[in-house]
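*Asks:* Just data.txt, nothing more (compact mmCIF, C-alpha atoms):
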```txt
# COMPACT_ATOMS: atom_id res chain seq x y z
CA MET A 19 129.57 132.03 93.77
CA TYR A 20 131.46 134.64 91.85
CA LEU A 21 130.20 135.67 88.44
CA ASN A 22 133.76 135.59 87.19
CA GLN A 23 134.24 131.87 87.78
CA PHE A 24 131.63 131.17 85.09
CA LEU A 25 132.97 133.85 82.78
CA PHE A 26 136.53 132.52 83.08
CA LEU A 27 135.40 128.94 82.38
CA SER A 28 133.66 130.29 79.31
CA ALA A 29 136.75 132.25 78.23
CA VAL A 30 138.98 129.16 78.60
CA LEU A 31 136.56 127.03 76.55
CA PHE A 32 136.36 129.76 73.91
CA CYS A 33 140.14 129.96 73.55
CA ILE A 34 140.49 126.18 73.35
CA GLY A 35 137.83 126.22 70.63
CA VAL A 36 139.72 128.92 68.72
CA TYR A 37 142.91 126.86 69.02
CA GLY A 38 141.06 123.84 67.60
CA VAL A 39 139.65 125.80 64.67
CA LEU A 40 143.07 127.24 63.85
CA THR A 41 145.11 124.04 64.10
CA ARG A 42 142.88 121.21 62.87
CA LYS A 43 143.02 120.10 59.25
CA ASN A 44 140.10 117.66 59.36
CA GLY A 45 136.80 119.38 58.45
CA VAL A 46 134.71 117.46 60.99
CA LEU A 47 137.15 118.34 63.79
CA VAL A 48 136.89 122.03 62.84
CA LEU A 49 133.10 121.77 63.20
CA MET A 50 133.54 120.15 66.64
CA SER A 51 135.78 123.02 67.75
CA ILE A 52 133.12 125.49 66.61
CA GLU A 53 130.68 123.69 68.93
CA LEU A 54 133.11 124.38 71.80
CA ILE A 55 133.03 128.09 70.96
CA LEU A 56 129.21 128.15 70.82
CA ASN A 57 129.02 126.38 74.20
CA ALA A 58 131.35 128.98 75.71
CA VAL A 59 129.01 131.72 74.52
CA ASN A 60 126.03 129.85 75.97
CA ILE A 61 127.65 129.63 79.42
CA ASN A 62 128.10 133.41 79.31
CA LEU A 63 124.47 133.99 78.38
CA VAL A 64 123.10 131.68 81.09
CA ALA A 65 125.47 133.13 83.72
CA PHE A 66 124.39 136.70 82.98
CA GLY A 67 120.76 135.56 82.89
CA ALA A 68 121.14 134.17 86.42
CA PHE A 69 123.10 137.25 87.54
CA ASN A 70 120.46 139.70 86.35
CA ALA A 71 117.52 137.38 87.25
CA ASP A 72 116.45 137.76 83.63
CA LEU A 73 114.99 135.00 81.47
CA GLY A 74 116.44 136.47 78.30
CA GLY A 75 119.81 134.82 78.92
CA GLN A 76 118.40 131.31 78.99
CA VAL A 77 116.05 132.01 76.06
CA PHE A 78 118.90 133.19 73.87
CA ALA A 79 121.01 130.21 74.92
CA LEU A 80 118.18 128.04 73.59
CA PHE A 81 118.17 130.01 70.34
CA ILE A 82 121.91 129.48 70.00
CA ILE A 83 121.46 125.74 70.51
CA ALA A 84 118.92 125.74 67.66
CA VAL A 85 121.22 127.77 65.43
CA ALA A 86 124.10 125.40 66.26
CA ALA A 87 121.97 122.46 65.10
CA ALA A 88 121.33 124.26 61.81
CA GLU A 89 125.02 125.14 61.48
CA VAL A 90 126.16 121.55 62.00
CA GLY A 91 123.62 120.30 59.47
CA VAL A 92 124.77 122.65 56.73
CA GLY A 93 128.45 122.37 57.69
CA LEU A 94 128.42 118.59 57.52
CA ALA A 95 126.62 118.71 54.17
CA ILE A 96 129.39 120.95 52.83
CA VAL A 97 132.11 118.69 54.30
CA LEU A 98 130.45 115.66 52.69
CA LEU A 99 130.32 117.46 49.35
CA ILE A 100 134.01 118.34 49.60
CA TYR A 101 134.77 114.70 50.47
CA ARG A 102 132.75 113.45 47.50
CA ASN A 103 134.46 115.77 45.05
CA ARG A 104 138.03 115.60 46.32
CA ARG A 105 138.23 112.30 48.28
CA SER A 106 139.61 114.20 51.27
CA ILE A 107 138.26 116.50 53.99
CA ASP A 108 141.58 118.20 54.58
CA VAL A 109 140.56 121.86 54.70
CA THR A 110 144.02 122.93 53.53
CA GLU A 111 143.47 121.14 50.24
CA ALA A 112 140.22 122.93 49.48
CA ASP A 113 142.00 125.89 47.89
CA LEU A 114 140.41 126.22 44.45
CA MET A 115 139.66 129.89 45.14
CA LYS A 116 143.31 130.67 45.92
CA GLY A 117 144.68 133.30 43.56
CA MET B 26 95.59 125.28 92.85
CA MET B 27 97.54 123.71 95.66
CA SER B 28 100.21 122.46 93.29
CA LEU B 29 100.42 125.88 91.66
CA LEU B 30 101.00 127.45 95.04
CA LEU B 31 103.69 124.91 95.81
CA PHE B 32 105.28 125.65 92.48
CA ALA B 33 105.42 129.36 93.06
CA GLN B 34 107.22 128.87 96.35
CA GLU B 35 110.46 130.79 96.61
CA ILE B 36 113.57 128.79 97.30
CA GLU B 37 115.45 129.93 100.35
CA PRO B 38 118.86 131.58 99.98
CA LEU B 39 121.72 129.13 100.05
CA THR B 40 123.53 128.67 103.34
CA ASN B 41 127.30 128.97 103.48
CA THR B 42 127.80 125.20 103.57
CA GLU B 43 125.54 124.74 100.56
CA GLN B 44 127.43 127.42 98.69
CA TRP B 45 130.71 125.73 99.54
CA VAL B 46 129.41 122.39 98.25
CA ILE B 47 128.11 123.95 95.03
CA ASN B 48 131.40 125.78 94.52
CA THR B 49 133.36 122.56 94.95
CA PHE B 50 131.09 120.88 92.43
CA PHE B 51 131.62 123.76 90.06
CA TYR B 52 135.40 123.58 90.22
CA VAL B 53 135.39 119.80 89.68
CA ILE B 54 133.11 120.23 86.67
CA ALA B 55 135.19 123.11 85.32
CA LEU B 56 138.35 121.02 85.61
CA VAL B 57 136.71 118.11 83.77
CA THR B 58 135.45 120.48 81.05
CA VAL B 59 138.81 122.13 80.45
CA VAL B 60 140.78 118.85 80.44
CA ALA B 61 138.30 117.18 78.08
CA ALA B 62 138.30 120.21 75.78
CA LEU B 63 142.12 120.25 75.68
CA LYS B 64 142.18 116.53 74.90
CA MET B 65 139.57 117.11 72.22
CA VAL B 66 141.67 119.62 70.30
CA THR B 67 144.90 117.62 70.67
CA THR B 68 143.91 113.95 70.27
CA ASN B 69 144.97 112.12 67.13
CA ASN B 70 141.81 110.06 66.87
CA VAL B 71 138.67 111.57 65.33
CA VAL B 72 136.25 109.27 67.19
CA HIS B 73 137.99 109.99 70.50
CA ALA B 74 137.62 113.71 69.77
CA ALA B 75 133.86 113.21 69.41
CA LEU B 76 133.74 111.34 72.72
CA TYR B 77 135.73 114.08 74.48
CA LEU B 78 133.24 116.55 73.02
CA LEU B 79 130.51 114.50 74.70
CA ILE B 80 132.20 114.98 78.08
CA VAL B 81 132.48 118.73 77.49
CA LEU B 82 128.81 119.02 76.48
CA ALA B 83 127.61 117.01 79.50
CA ALA B 84 129.75 119.13 81.84
CA VAL B 85 128.37 122.33 80.32
CA ALA B 86 124.85 120.97 80.97
CA ALA B 87 125.91 120.52 84.62
CA VAL B 88 127.08 124.15 84.71
CA TYR B 89 123.63 125.21 83.48
CA ILE B 90 122.06 123.25 86.35
CA ILE B 91 124.34 125.06 88.82
CA LEU B 92 123.14 128.33 87.33
CA GLY B 93 119.51 127.28 87.75
CA ALA B 94 118.76 127.02 84.03
CA GLU B 95 117.18 123.58 84.02
CA PHE B 96 115.46 123.80 80.66
CA ALA B 97 118.66 124.87 78.93
CA ALA B 98 120.43 121.89 80.56
CA ALA B 99 117.75 119.46 79.35
CA THR B 100 117.89 120.95 75.87
CA GLN B 101 121.67 120.74 75.90
CA VAL B 102 121.48 117.01 76.61
CA LEU B 103 118.70 116.37 74.08
CA VAL B 104 119.93 118.51 71.20
CA TYR B 105 123.71 118.60 71.62
CA ILE B 106 124.45 115.13 72.98
CA GLY B 107 121.45 113.45 71.38
CA ALA B 108 121.43 115.02 67.95
CA ILE B 109 124.46 117.14 67.08
CA LEU B 110 127.02 114.67 68.40
CA VAL B 111 125.39 111.78 66.53
CA LEU B 112 125.38 113.95 63.40
CA LEU B 113 129.09 114.62 63.85
CA LEU B 114 129.76 110.90 64.32
CA PHE B 115 127.84 110.25 61.10
CA GLY B 116 130.07 112.83 59.45
CA VAL B 117 133.13 110.94 60.72
CA MET B 118 131.68 107.70 59.38
CA LEU B 119 130.66 109.03 55.96
CA THR B 120 134.02 110.68 55.34
CA ARG B 121 135.70 107.35 56.13
CA ALA B 122 138.04 108.60 58.79
CA LYS B 123 140.43 105.93 59.92
CA ILE B 124 139.36 103.99 62.99
CA GLY B 125 142.39 104.50 65.20
CA SER B 126 144.85 107.30 65.37
CA GLU B 127 145.96 109.40 62.46
CA ASP B 128 149.07 111.52 62.37
CA ASP B 129 147.85 114.07 59.84
CA LEU B 130 145.10 115.94 61.69
CA ASN B 131 146.97 119.10 62.66
CA TYR B 132 148.89 121.84 60.92
CA ASP B 133 152.63 121.70 61.36
CA GLN B 134 152.86 125.22 62.79
CA ARG B 135 150.56 124.68 65.75
CA TRP B 136 152.39 127.16 67.94
CA ILE B 137 150.84 130.05 66.00
CA GLY B 138 147.37 128.80 66.90
CA GLY B 139 148.49 128.34 70.50
CA LEU B 140 149.91 131.84 70.59
CA VAL B 141 146.70 133.33 69.17
CA SER B 142 144.51 131.58 71.72
CA VAL B 143 146.82 132.42 74.65
CA VAL B 144 146.87 136.10 73.64
CA LEU B 145 143.09 136.00 73.22
CA PHE B 146 142.72 134.50 76.68
CA ALA B 147 145.04 137.11 78.18
CA VAL B 148 142.97 139.93 76.67
CA MET B 149 139.64 138.38 77.67
CA GLY B 150 140.85 137.43 81.14
CA TYR B 151 142.18 140.94 81.77
CA SER B 152 138.96 142.61 80.67
CA LEU B 153 136.79 140.17 82.64
CA TRP B 154 138.86 140.74 85.74
CA GLU B 155 138.75 144.51 85.27
CA GLY B 156 135.02 144.45 84.60
CA PHE B 157 133.64 142.05 87.19
CA GLU B 158 136.47 141.52 89.67
CA ASP B 159 134.64 139.90 92.62
CA THR B 160 131.02 140.49 91.66
CA LYS B 161 128.99 137.75 93.31
CA LEU B 162 125.86 136.01 92.18
CA ASP B 163 123.02 136.75 94.59
CA PRO B 164 122.97 133.73 96.96
CA ALA B 165 119.15 133.97 96.86
CA PHE B 166 118.96 133.72 93.08
CA GLN B 167 116.01 131.65 91.93
CA PRO B 168 116.16 128.82 89.41
CA GLN B 169 114.44 129.88 86.20
CA ARG B 170 111.39 127.69 85.85
CA THR B 171 110.54 126.10 82.51
CA GLY B 172 107.02 127.55 82.59
CA ASP B 173 108.40 131.08 82.84
CA VAL B 174 110.89 130.38 80.05
CA ALA B 175 108.07 129.16 77.79
CA GLU B 176 105.97 132.20 78.59
CA SER B 177 108.89 134.46 77.85
CA ILE B 178 109.62 132.75 74.52
CA PHE B 179 106.02 132.97 73.35
CA THR B 180 105.41 136.57 74.39
CA GLN B 181 108.50 138.75 74.57
CA TYR B 182 110.71 136.74 72.23
CA ILE B 183 108.11 135.50 69.73
CA VAL B 184 109.73 137.22 66.72
CA PRO B 185 113.24 135.75 67.24
CA PHE B 186 111.57 132.40 67.95
CA GLU B 187 109.78 132.43 64.59
CA ALA B 188 112.96 133.59 62.87
CA VAL B 189 114.88 130.64 64.39
CA SER B 190 112.12 128.26 63.26
CA VAL B 191 112.39 129.49 59.67
CA LEU B 192 116.19 129.40 59.84
CA LEU B 193 116.15 125.80 61.04
CA LEU B 194 113.77 124.76 58.26
CA ALA B 195 115.84 126.57 55.63
CA ALA B 196 119.09 125.05 56.96
CA LEU B 197 117.70 121.51 56.94
CA ILE B 198 116.31 121.83 53.41
CA GLY B 199 119.60 123.39 52.34
CA ALA B 200 121.59 120.55 53.92
CA VAL B 201 119.48 117.95 52.09
CA VAL B 202 119.85 119.79 48.77
CA VAL B 203 123.63 120.24 49.18
CA ALA B 204 124.37 116.67 50.30
CA ARG B 205 122.00 114.86 47.94
CA ARG B 206 123.46 112.68 45.22
CA ASP B 207 121.94 113.63 41.88
```
If you took the structure in this file and wrote it as structure tokens, what would it be?

*Replies:*
Amino acid sequence: MYLNQFLFLSAVLFCIGVYGVLTRKNGVLVLMSIELILNAVNINLVAFGAFNADLGGQVFALFIIAVAAAEVGVGLAIVLLIYRNRRSIDVTEADLMKG
Amino acid sequence: MMSLLLFAQEIEPLTNTEQWVINTFFYVIALVTVVAALKMVTTNNVVHAALYLLIVLAAVAAVYIILGAEFAAATQVLVYIGAILVLLLFGVMLTRAKIGSEDDLNYDQRWIGGLVSVVLFAVMGYSLWEGFEDTKLDPAFQPQRTGDVAESIFTQYIVPFEAVSVLLLAALIGAVVVARRD
């Protein structure tokens, strides 16, 4: 098994996630795309952990999973708040701070 | 004692046939992951996007198993598929997304996003190829046992572990405070 096959899978997932974040208007779909990006990072960490026979890779992948849970919790709370105040979760319409 | 000895047994290096089988599995899983991820970012149905995300998450768990990270795979299934995905579906429900397809989920100028991600992939692919070309994983690499992972978390990585615990608590309290109706 080449190391690069895992790294390339991770790179493809990362780029698809970036595409999703850039093109989706729906707030929940943006959060889902961010999960894709975090998963890509996790594949990298686990692959390098296996490559170097080091446990740190897997441990930090676990930390990232925990942080992703926290991120989704707060992100969804914010999306719900936007929905409650504006009756829409279109992220292009949340532009009160625009100069 | 006997069971401990059994546990500590080294796993033999993979034979060529075994490596070929695992590689085939990997490419099938990678194909499934990429197709599901592409469908996820292009589908016009929010619930379908969540279900495609489920496929991606399950396939990533399979990749962890191939890499010998069993505990990360189990956690991926429990936390991502069990908790985060359900949370996202609740988000879909509470924001009253239409059941069925919508035509207003994407920006009109999607090609800019496509261009950005293709350029990003070109840069990352080039540097990965330059950096690791045909570096191979050691065919004798050992699966990382859960016991060792636990020991590592509670000795070497105890400070980040506690920091993540506090972060999780703070994030959950913050989420409740933000989303609560007064």

*Asks:* Which is closer to Val71 in chain B than all the others in A:Lys116, A:Leu54, A:Ser28, A:Asn44, using all atoms listed in the file?

*Replies:*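 Ranking A:Lys116, A:Leu54, A:Ser28, A:Asn44 by distance to Val71 in chain B, first place goes to A:Asn44.
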
*Asks:* Provide as a list in words the residues of chain A at most 6 Å from chain B, counting all atoms listed in the file.

*Replies:*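 Taking all atoms listed in the file into account, Met19, Tyr20, Leu21, Cys33, Tyr37, Gly38, Leu40, Thr41, Arg42, Lys43, Asn44, Phe69, Ala88, Gly91, Val92 and Ala95 of chain A sit within 6 Å of chain B.
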
*Asks:* Kindly export the residues of the current selection with C-alpha atoms, as a short mmCIF file (atom, residue, chain, number, x, y, z; two decimals), in the frame of the given file.

*Replies:*
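Written output follows (again-v5.cif):
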```
data_model
loop_
_atom_site.label_atom_id
_atom_site.label_comp_id
_atom_site.auth_asym_id
_atom_site.auth_seq_id
_atom_site.Cartn_x
_atom_site.Cartn_y
_atom_site.Cartn_z
CA MET A 19 129.57 132.03 93.77
CA TYR A 20 131.46 134.64 91.85
CA LEU A 21 130.20 135.67 88.44
CA CYS A 33 140.14 129.96 73.55
CA TYR A 37 142.91 126.86 69.02
CA GLY A 38 141.06 123.84 67.60
CA LEU A 40 143.07 127.24 63.85
CA THR A 41 145.11 124.04 64.10
CA ARG A 42 142.88 121.21 62.87
CA LYS A 43 143.02 120.10 59.25
CA ASN A 44 140.10 117.66 59.36
CA PHE A 69 123.10 137.25 87.54
CA ALA A 88 121.33 124.26 61.81
CA GLY A 91 123.62 120.30 59.47
CA VAL A 92 124.77 122.65 56.73
CA ALA A 95 126.62 118.71 54.17
#
```

*Asks:* To one decimal place, how far is CA of Asn22 in chain A from CA of Val39 in chain A in Å?

*Replies:*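 Atom-to-atom, CA of Asn22 in chain A to CA of Val39 in chain A, that is 25.3 Å.
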
*Asks:* Find, counting all atoms listed in the file, the residue in A:Asn70, A:Arg104, A:Val30, A:Leu47 that gets nearest to Val90 in chain A.

*Replies:*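 Selected residue with least distance to Val90 in chain A: A:Leu47.
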
*Asks:* To one decimal place in Å, what is the distance between CA of Gly75 in chain A and CA of Ala165 in chain B?

*Replies:*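 The value is 18.0 Å.
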
*Asks:* One decimal, Å: what's the distance from CA of Leu94 in chain A over to CA of Asp108 in chain A, could you say?

*Replies:*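 CA of Leu94 in chain A sits 13.5 Å away from CA of Asp108 in chain A.
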
*Asks:* What box, with edges along x, y and z, holds each listed atom of range 90-97 of chain A when 4 Å is added on every side, and can you state its centre and edge lengths in Å to one decimal, as lines of an AutoDock Vina configuration file?

*Replies:*
```
center_x = 127.9
center_y = 120.6
center_z = 57.4
size_x = 16.5
size_y = 12.1
size_z = 17.2
```

*Asks:* Please determine, counting all atoms listed in the file, which residue among A:Asp113, A:Asn60, A:Gly45, A:Val85 has the shortest atom-to-atom distance to Tyr101 in chain A.

*Replies:*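 Smallest separation from Tyr101 in chain A among the options: A:Gly45.
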
*Asks:* Which one of A:Val36, A:Ile82, A:Val97, A:Phe24 sits closest to Ile52 in chain A if you count only C-alpha atoms?

*Replies:*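 Among the listed residues, A:Val36 lies closest to Ile52 in chain A.
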